[in-house]
Amino acid sequence: MKIAVIGTGYVGLVSGACFSEFGFFVTCVDKDPAKIKMINAGTMPIYEPGLEELVARNAAAGRLHFTTDLGPAVAAADAVFIAVGTPTRRGDGYADLSFVYDVASEIAPFLNDYTVIVTKSTVPVGTGREVGSIIAATNATANFDIVSNPEFLREGAAIADFMRPDRVVVGVQSEAARDVMRALYRPLFLIETPILFTNLETSELIKYASNAFLAVKISYINQMADLCEKVGADVHDVAKGMGLDKRIGNKFLHPGPGYGGSCFPKDTLALAKTAEQHGTDVSIVGAVVTYNAHRKMAMADRVISAMGGVVKDTEIAVLGLAFKPETDDMRDSPSIDIVTVLSAAGAHVRVYDPKAMHEAKALLPATTQFCDTAASCLHGAAAAVVVTEWNEFRALTPTSFIEAMKGRVLLDLRNVYDPSAMQAAGLEYYSIGRETKL
Ligand code: NAD
């Protein structure tokens, strides 16, 4: 079977490479010529562990191609996956579906034999049907079915997630489309991955319902962390005590500076808008959106409080910029709010991230100083703030902070370190939802 993947970003590139690893012939298409040129030269445009090797292996085997030329890839394909972005639309919180609809118009003229058009992008309920209408209006003779197949991979573990997912969700309208999707996911079926077939609307909603639920879970434990700080409880023990209950589960109960990334912020907003459009109440999700935005700003306020209320002309080191470790993705990362607020308050902010420096440059204030290593970032700083829990920061000892820094204030927004070890070494150590409070 031949597959065309339109959009070669985090999802399209990983999905395309993984489908080729399954043994299918895959052509990944992107409208960005620089991206395609880079990939064809063997360099990945994103940081994702294991991706470069996977792409190189399958490209060398002749199963994986990259191009800007959409027509031939679509004409030859049995299945066309749409994997373009669906960011928040400027001004109103709805998902911006213009990239998805553009792809629908672009692929339509090239559809000849029966083709399955699969929406892998995260799209609001009704989008799949609209994609179908656009294709039918553009090419009256096109023989196709629309499928919804949302992607659940996590950046940083994307390949493992694609190859061994908890489940595959497929929304279909016909038996023919179901057969094609079954064939495409046969390698996962063989390892007993649950494959859930639904109608289009259900599949589209499962993705939003899942992401919003995870965002609720994160915000819930963050609010519990705030309460723990007031009452002298330890949020990790609270999370453990909750998570041992199988109805709750122990995942996504780690407190932090608020969720970010390319999915939760935009997907919670889009779900709230879908509910609003249909006159139903998802106020839980609305509350989480508001709380999370507030929480990111509150993290900057914690730094300022730890510095006695004034950070003007103070050197502050920020370790970690990406929204989570093992990715270079900076979209909606809490680091953006934190660095922006501290800079606006007059602090001299210097930053270091193992992989996200390039992405961060366009998003952080012009005054931000970018450092090459954690050690140079900490050197001479009055305070340090750990925003992303990269392994290399976990390895830092109390001595590494004390010897490098001028001041003694350390804010650990990911609870990476042992409070007693940090305090015993003489650091003024603050973490989230534990015995140290602000
Ligand atoms: P991305 O921004 O990394 O990549 C999108 C790519 O599509 C870009 O390279 C862009 O140049 C390309 N593109 C846009 N219009 C095009 C067109 N007309 N023709 C060809 N290429 C085009 O996006 P992403 O992070 O991969 O996300 C894609 C979708 O998958 C989104 O809907 C997102 O919500 C969803 N998703 C993302 C993740 C994730 O972790 N990033 C996980 C699950 C689902």
# chains A, B, ... in the order shown; residues from 1 in each chain; ligands from 1

call {"tool": "residues_near_ligand", "arguments": {"ligand": "ligand 1", "cutoff": "7 Å", "atoms": "only C-alpha atoms and all ligand atoms", "output": "MDAnalysis selection string"}}
result
chainID A and resid 6:12 29:32 83:86 99 102:103 120:123 150:155 262:263

call {"tool": "select_by_dssp", "arguments": {"residues": "stretch 51-274 of chain A", "states": "strand (DSSP E or B)", "output": "list in words"}}
result
Leu64, His65, Phe66, Thr67, Ala79, Val80, Phe81, Ile82, Thr88, Ala95, Thr115, Val116, Ile117, Val118, Thr119, Phe144, Asp145, Ile146, Val147, Ser148, Val168, Val169, Val170, Gly171, Ile195, Leu196, Phe197 and Thr198 of chain A

call {"tool": "closest_residue", "arguments": {"among": "A:Arg408, A:Pro124, A:Ile159, A:Lys37", "to": "A:Gly16", "atoms": "only C-alpha atoms"}}
result
A:Ile159

call {"tool": "select_by_dssp", "arguments": {"residues": "stretch 176-323 of chain A", "states": "helix (DSSP H, G or I)", "output": "ChimeraX atom specification"}}
result
/A:176-184,186-190,200-231,235-243,264-277,283-306

call {"tool": "closest_residue", "arguments": {"among": "A:Glu175, A:Glu276, A:Asp313, A:Glu48", "to": "A:Pro325", "atoms": "only C-alpha atoms"}}
result
A:Glu48

call {"tool": "residues_around", "arguments": {"residues": "A:Glu359", "least_positions_apart": "4", "cutoff": "9 Å", "atoms": "only C-alpha atoms", "output": "PyMOL selection string"}}
result
chain A and resi 322+328-331+355+363

call {"tool": "residues_around", "arguments": {"residues": "A:Thr88", "least_positions_apart": "5", "cutoff": "9 Å", "atoms": "only C-alpha atoms", "output": "ChimeraX atom specification"}}
result
/A:93-97,265-267,269-270

call {"tool": "write_last_selection", "arguments": {"atoms": "N, CA and C atoms", "output": "CSV table (one decimal), in the first residue's frame"}}
result
chain,number,residue,atom,x,y,z
A,93,GLY,N,-10.2,31.9,19.9
A,93,GLY,CA,-10.0,30.7,20.6
A,93,GLY,C,-10.4,29.4,19.8
A,94,TYR,N,-11.1,29.6,18.7
A,94,TYR,CA,-11.4,28.4,17.9
A,94,TYR,C,-10.2,27.8,17.2
A,95,ALA,N,-10.3,26.6,16.8
A,95,ALA,CA,-9.2,26.0,16.1
A,95,ALA,C,-9.1,26.6,14.7
A,96,ASP,N,-7.9,27.0,14.2
A,96,ASP,CA,-7.8,27.5,12.9
A,96,ASP,C,-7.7,26.3,11.9
A,97,LEU,N,-8.7,26.1,11.1
A,97,LEU,CA,-8.7,24.9,10.2
A,97,LEU,C,-8.3,25.3,8.8
A,265,PRO,N,-2.9,23.5,25.4
A,265,PRO,CA,-3.5,24.8,25.5
A,265,PRO,C,-4.5,25.1,24.3
A,266,LYS,N,-4.2,24.7,23.1
A,266,LYS,CA,-5.1,25.0,22.0
A,266,LYS,C,-6.3,24.0,22.0
A,267,ASP,N,-6.1,22.8,22.4
A,267,ASP,CA,-7.2,21.8,22.4
A,267,ASP,C,-8.2,22.1,23.5
A,269,LEU,N,-8.9,25.0,24.6
A,269,LEU,CA,-9.7,26.2,24.1
A,269,LEU,C,-10.7,25.8,23.1
A,270,ALA,N,-10.2,25.0,22.1
A,270,ALA,CA,-11.1,24.6,21.0
A,270,ALA,C,-12.3,23.8,21.5

call {"tool": "residues_around", "arguments": {"residues": "A:Leu188", "least_positions_apart": "6", "cutoff": "12 Å", "atoms": "only C-alpha atoms", "output": "ChimeraX atom specification"}}
result
/A:18-19,22,160-168,181-182,194-195

call {"tool": "closest_atom_pairs", "arguments": {"of": "stretch 242-277 of chain A", "to": "stretch 289-293 of chain A", "cutoff": "7 Å", "atoms": "only C-alpha atoms", "output": "CSV"}}
result
residue,atom,partner,partner_atom,distance
A:Gly258,CA,A:Asn292,CA,5.5
A:Tyr259,CA,A:Asn292,CA,6.8
A:Thr268,CA,A:Val289,CA,6.7
A:Leu269,CA,A:Val289,CA,6.9

call {"tool": "atom_distance", "arguments": {"atom1": "atom CA of A:Thr198", "atom2": "atom CA of A:Asn149"}}
result
10.1 Å

call {"tool": "atom_distance", "arguments": {"atom1": "atom CA of A:Gly128", "atom2": "atom CA of A:Glu21"}}
result
27.1 Å

call {"tool": "atom_distance", "arguments": {"atom1": "atom CA of A:Gly232", "atom2": "atom CA of A:Ile284"}}
result
27.1 Å

call {"tool": "residues_around", "arguments": {"residues": "A:Ala61", "least_positions_apart": "6", "cutoff": "12 Å", "atoms": "only C-alpha atoms", "output": "list in words"}}
result
Ala17, Ser20, Glu21, Gly23, Phe24, Phe25, Val26, Leu54 and Val55 of chain A

call {"tool": "residues_around", "arguments": {"residues": "A:Ala239", "least_positions_apart": "6", "cutoff": "8 Å", "atoms": "only C-alpha atoms", "output": "list in words"}}
result
Ile221, Asn250, Leu253 and His254 of chain A
